[in-house]
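Heads up: the structure comes next, in structure tokens.
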Amino acid sequence: MNAMLFAISVALAAHGLEIESGESAPEKRAAAELKTYVSLLAEEEPDARFRIGVKFLEEFPEDKTFLGDWDGYAVRRKDGCIYIVSPQPRGCLYGVYDFLERNSDIIWARPDEECGTIYSRTKTFKVREADFVEKPVFRLRGWWFCGPSRHEASEYWHSRVRCNFGCADQKKPDVLRRAVECGFAIGGAAGHNMPQFMPEGTFGTHPEYFAEIGGVRRRDRGNTQLCYSNLDGAAVVGSNAVEKIAARLAEMKSAHGIAFDHWAVKQADNMRLCECAACQADIPLGDGRVSGKNDVNFRSNQFFRYLNKVEEVIAQRYPDLRVDTFAYQFSAPPPDVKVNEMYNVAFCPFIKNDRFSVTNAVNAKWAARAEKWSMATKNIMWREYWGCASGYPRQHSFVAADDLKWINSALGFTRVYSETMPDMDCRKTSGKGAAYRLRWDASAMEHWVLSRLMWNPYVPVEQYRDEYIRRTYRKAAAPMREFYALLAKTWFSDSRPTNYTDDPVGNASRYIVGAGIDRRVLELLDEAVRLAEDDVPAVVKLLSRQRDHFKDLIRNCIEPAEPLVVPLVRDGDWKKAAKIDGFVKVGGGKMKRKNRSARDTQVFVCHDAKDLKVKFVCNDPDPSMLEPKERFGSVPERFPGCDHVELAITAGKGSRGYHFGVDCRGNRADLKDGDLDFNAKWTSGTRIVGRGYEVELSIDFESIGAEITQESRFGVCFARMSMPRTPDEKRDFSSWKGDHPQTLQPVGSIMLELE
């Protein structure tokens with residue numbers, strides 16, 4: 001059956017189903033898909049004639065005018081024939097899939113080959129609806145598959161839910177072939193690749209092109225940014241990019257006879273920015289104004305000034321080539337520097353609170369940035385993280401519907417895509433177990449509904465969700481409808497911040513076990529599996545996987561515990577403080593011995609009614625091997641990347657999330673809801689000792705909005721990161737309860753003891 005599902009060629013019948021199609025790869029695939037699925041859906045092939053292709057759009061002038069050059073489609077009857085037409089070849093594919101959905105009960109519920117495609121097989125295929133037209137709201141839409149980003153079933157699913165984004169790394173021939181078949185946007189380069197355009201050997205002759213970190217120029221390409229104040233270096237990057245573009249174009253033309261339609265020049269995925277004097281100097285903006293290092297968009301100005309120089313060099317050879325880049329991390333604030341019009345800028349609101357729309361007051365900063373970016377360039381893309389943390393079904397679709405309508409109607413965005421992982425069991429390829437597939441076991445519906453919303457967010461999200469439940473779960477629709485309603489209720493009743501780093505076990509601990517619905521959740525999933533037993537096998541398989549995944553989540557939940565009572569200590573005597581030990585690996589769930597950290601950590605906690613006092617004692621077998629990072633000095637704070645400790649705490653109105661990090665050399669940073677612009681009133685001290693290192697923190701309660709009363713109770717996460725010492729060793733990330741501090745949703749809690 002799988003071979004039939006993904007058939008590329010089709011032998012047209014002399015009678016029965018007759019198909020005439022255009023000659024492009026997507027048009028031929030559209031014909032093949034129609035033939036394949038009609039044969040799967042019915043025992044008898046209908047006597048019907050189809051014409052599929054761009055050239056047939058001329059038969060329908062009103063549809064041609066309405067669709068313009070978008071990849072929408074029209075399905076029409078004329079002269080005893082069914083036409084599926086579009087201005088673009090890939091639009092014909094989307095028209096075929098919509099035609100099949102409207103005339104059967106089929107749904108491509110997820111990419112998985114065993115349980116992803118669900119349908120009933122009937123005696124005959126009856127055409128009930130063949131007169132409609134659809135035009136998407138967003139020109140570009142879809143998913144970027146990270147991890148092992150080459151997965152045939154996920155790529156074809158991407159097309160079947162009408163997404164057109166270049167959804168995988170297209171360097172490999174088979175991936176590129178599938179991208180051509182599906183009409184995806186073809187990219188010549190991808191990823192956080194900026195440092196890769198600095199030629200090998202350049203460091204020896206021009207170290208000034210590379211970032212200076214701690215007083216030393218760094219050549220570790222991919223792990224640091226470049227020196228973005230050095231425009232001579234930008235010219236070198238541009239020249240090397242031209243060489244790579246030429247080589248890739250020649251390779252693709254020779255092997256496939258095609259060319260890519262966009263390139264990528266994107267910053268490295270870190271905050272390791274150059275600290276040299278030039279990178280601290282004011283930036284003239286050309287109108288008498290300057291941008292200083294304390295400006296929120298100082299680094300963004302610096303980066304886009306550099307990028308503009310890179311594009312100048314590329315444009316000399318390839319004046320019409322569009323170049324993709326990110327507005328991300330330090331470049332997320334819109335610059336005052338003009339952005340070159342040949343750049344496609346993907347704006348990444350990566351640490352907004354995902355429980356609320358970007359238009360909500362809690363996300364005001366991101367809304368303001370989006371508005372400014374919409375004015376800075378017409379070539380702006382909304383780049384999301386919906387697929388991250390999807391091992392638990394966070395209710396993105398409700399929030400995304402509002403976001404997508406706003407960015408389209410108010411700001412004019414026409415391009416949107418999100419990061420996710422392919423629907424695959426990746427044990428053989430990545431060593432991560434079945435982690436990627438498990439995300440789909442939890443959140444397949446969210447992926448499907450979000451794909452629909454990227455096509456048209458103005459359709460009520462409840463309508464999309466109901467269609468998914470009805471078509472996917474069929475006889476088990478009733479318990480699954482209650483299941484999702486329960487999860488939505490507990491999700492939206494919580495006020496704590498949530499973002500793309502959320503831990504699935506931590507979420508299940510809070511929204512299922514902590515909400516007291518774990519028993520009902522499992523009852524509903526059991527009932528759904530029972531009701532589906534005499535349905536098609538794919539439904540049973542899909543539901544069984546979903547039930548097993550939630551059983552595992554609940555089984556591994558961190559058991560509710562009484563809060564740690566933190567004593568009032570005015571004389572600074574740590575012996576009077578509450579003590580925590582037995583750190584477990586992050587994501588380890590219950591505190592099982594096998595999940596214990598390899599490095600012993602103790603935490604002492606007390607308060608003096610004004611400040612929270614915390615002392616980490618981090619034992620280490622060889623303190624001399626601690627990574628020798630220098631202090632950041634006068635440069636803006638960066639979150640520690642070497643051996644360090646972290647404290648996350650929710651406090652104040654709306655349970656705001658505060659995050660503190662201090663490394664073994666004393667470098668430190670503080671964040672509010674993931675924002676480094678925030679600065680609390682706090683002190684820290686670090687010292688290397690014979691058994692490891694110690695860190696002391698004192699955090700002013702008032703500066704984090706904490707009200708001190710007899711009932712003062714705060715969510716907290718105490719965590720430690722230990723870096724590997726040998727090539728065979730892995731980093732050890734551990735915490736008090738096994739949850740991730742960056743979730744902004746600590747599982748552990750403390751209660752202050754007052755006189």
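Every chain in the structure tokens takes a letter, A first, then B, and so on in the order presented; its residues are numbered from 1, and the ligands are numbered from 1 following the presented order.
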Residues at most 7 Å from Thr420 (chain A), counting only C-alpha atoms, excluding those fewer than 3 positions away in the same chain, as a short mmCIF file (atom, residue, chain, number, x, y, z; two decimals) with N, CA and C atoms, in the first residue's frame?
data_model
loop_
_atom_site.label_atom_id
_atom_site.label_comp_id
_atom_site.auth_asym_id
_atom_site.auth_seq_id
_atom_site.Cartn_x
_atom_site.Cartn_y
_atom_site.Cartn_z
N TRP A 143 6.30 24.24 7.00
CA TRP A 143 7.12 23.73 8.10
C TRP A 143 8.56 23.54 7.65
N TRP A 144 9.47 23.95 8.52
CA TRP A 144 10.88 23.63 8.31
C TRP A 144 11.21 22.45 9.21
N PHE A 145 11.54 21.32 8.61
CA PHE A 145 11.84 20.11 9.38
C PHE A 145 13.30 20.13 9.83
N CYS A 146 13.51 20.20 11.13
CA CYS A 146 14.86 20.21 11.70
C CYS A 146 15.30 18.77 11.99
N TRP A 386 6.11 26.57 16.56
CA TRP A 386 4.97 25.76 16.96
C TRP A 386 5.33 24.30 17.16
N GLY A 387 6.30 23.80 16.40
CA GLY A 387 6.65 22.39 16.51
C GLY A 387 7.59 22.08 17.66
N CYS A 388 8.13 23.10 18.30
CA CYS A 388 9.03 22.87 19.44
C CYS A 388 8.20 22.56 20.68
#
Query - Neighbour list for Cys642 (chain A) as a PyMOL selection string, cut-off 12 Å, only C-alpha atoms, skip fewer than 4 positions in-chain - result: chain A and resi 625-631+638+646+661-668+720-725+731-733
Among A:Ala153, A:Val565, A:Ala190, A:Ile649, Glu114 (chain A) is approached most closely, using only C-alpha atoms, by A:Ala153
**Item:** Interatomic distance (Å, one decimal) between CA of Leu568 (chain A) and CA of Asp611 (chain A)
**Value:**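 So the answer is 10.2 Å.
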Exercise for the section: Enumerate, as a PyMOL selection string, the complete set of residues in region 103-289 of chain A that a backbone-based DSSP assignment places in helix (DSSP H, G or I). Expected result: chain A and resi 152-160+173-182+194-197+202-205+207-209+231-256+277-280
Inset, instruction - State, in Å with one decimal place, the distance from CA of Pro136 (chain A) to CA of Glu181 (chain A). - result: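 Separation between CA of Pro136 (chain A) and CA of Glu181 (chain A): 20.1 Å.
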CA of Ser495 (chain A) to CA of Phe413 (chain A) measures 29.0 Å
Quick one: residues within 7 Å of Ile283 (chain A), only C-alpha atoms, excluding same-chain residues fewer than 6 positions away - as a short mmCIF file (atom, residue, chain, number, x, y, z; two decimals) with N, CA, C and O atoms, in the first residue's frame?
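Wrote it out as part_29.cif, contents follow:
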data_model
loop_
_atom_site.label_atom_id
_atom_site.label_comp_id
_atom_site.auth_asym_id
_atom_site.auth_seq_id
_atom_site.Cartn_x
_atom_site.Cartn_y
_atom_site.Cartn_z
N VAL A 290 23.22 58.69 15.71
CA VAL A 290 24.12 57.56 15.91
C VAL A 290 23.41 56.52 16.77
O VAL A 290 22.49 56.85 17.52
N SER A 291 23.83 55.29 16.63
CA SER A 291 23.33 54.20 17.46
C SER A 291 24.43 53.79 18.41
O SER A 291 25.53 53.42 17.97
N GLY A 292 24.16 53.89 19.72
CA GLY A 292 25.15 53.55 20.74
C GLY A 292 24.94 52.15 21.27
O GLY A 292 23.86 51.55 21.11
#
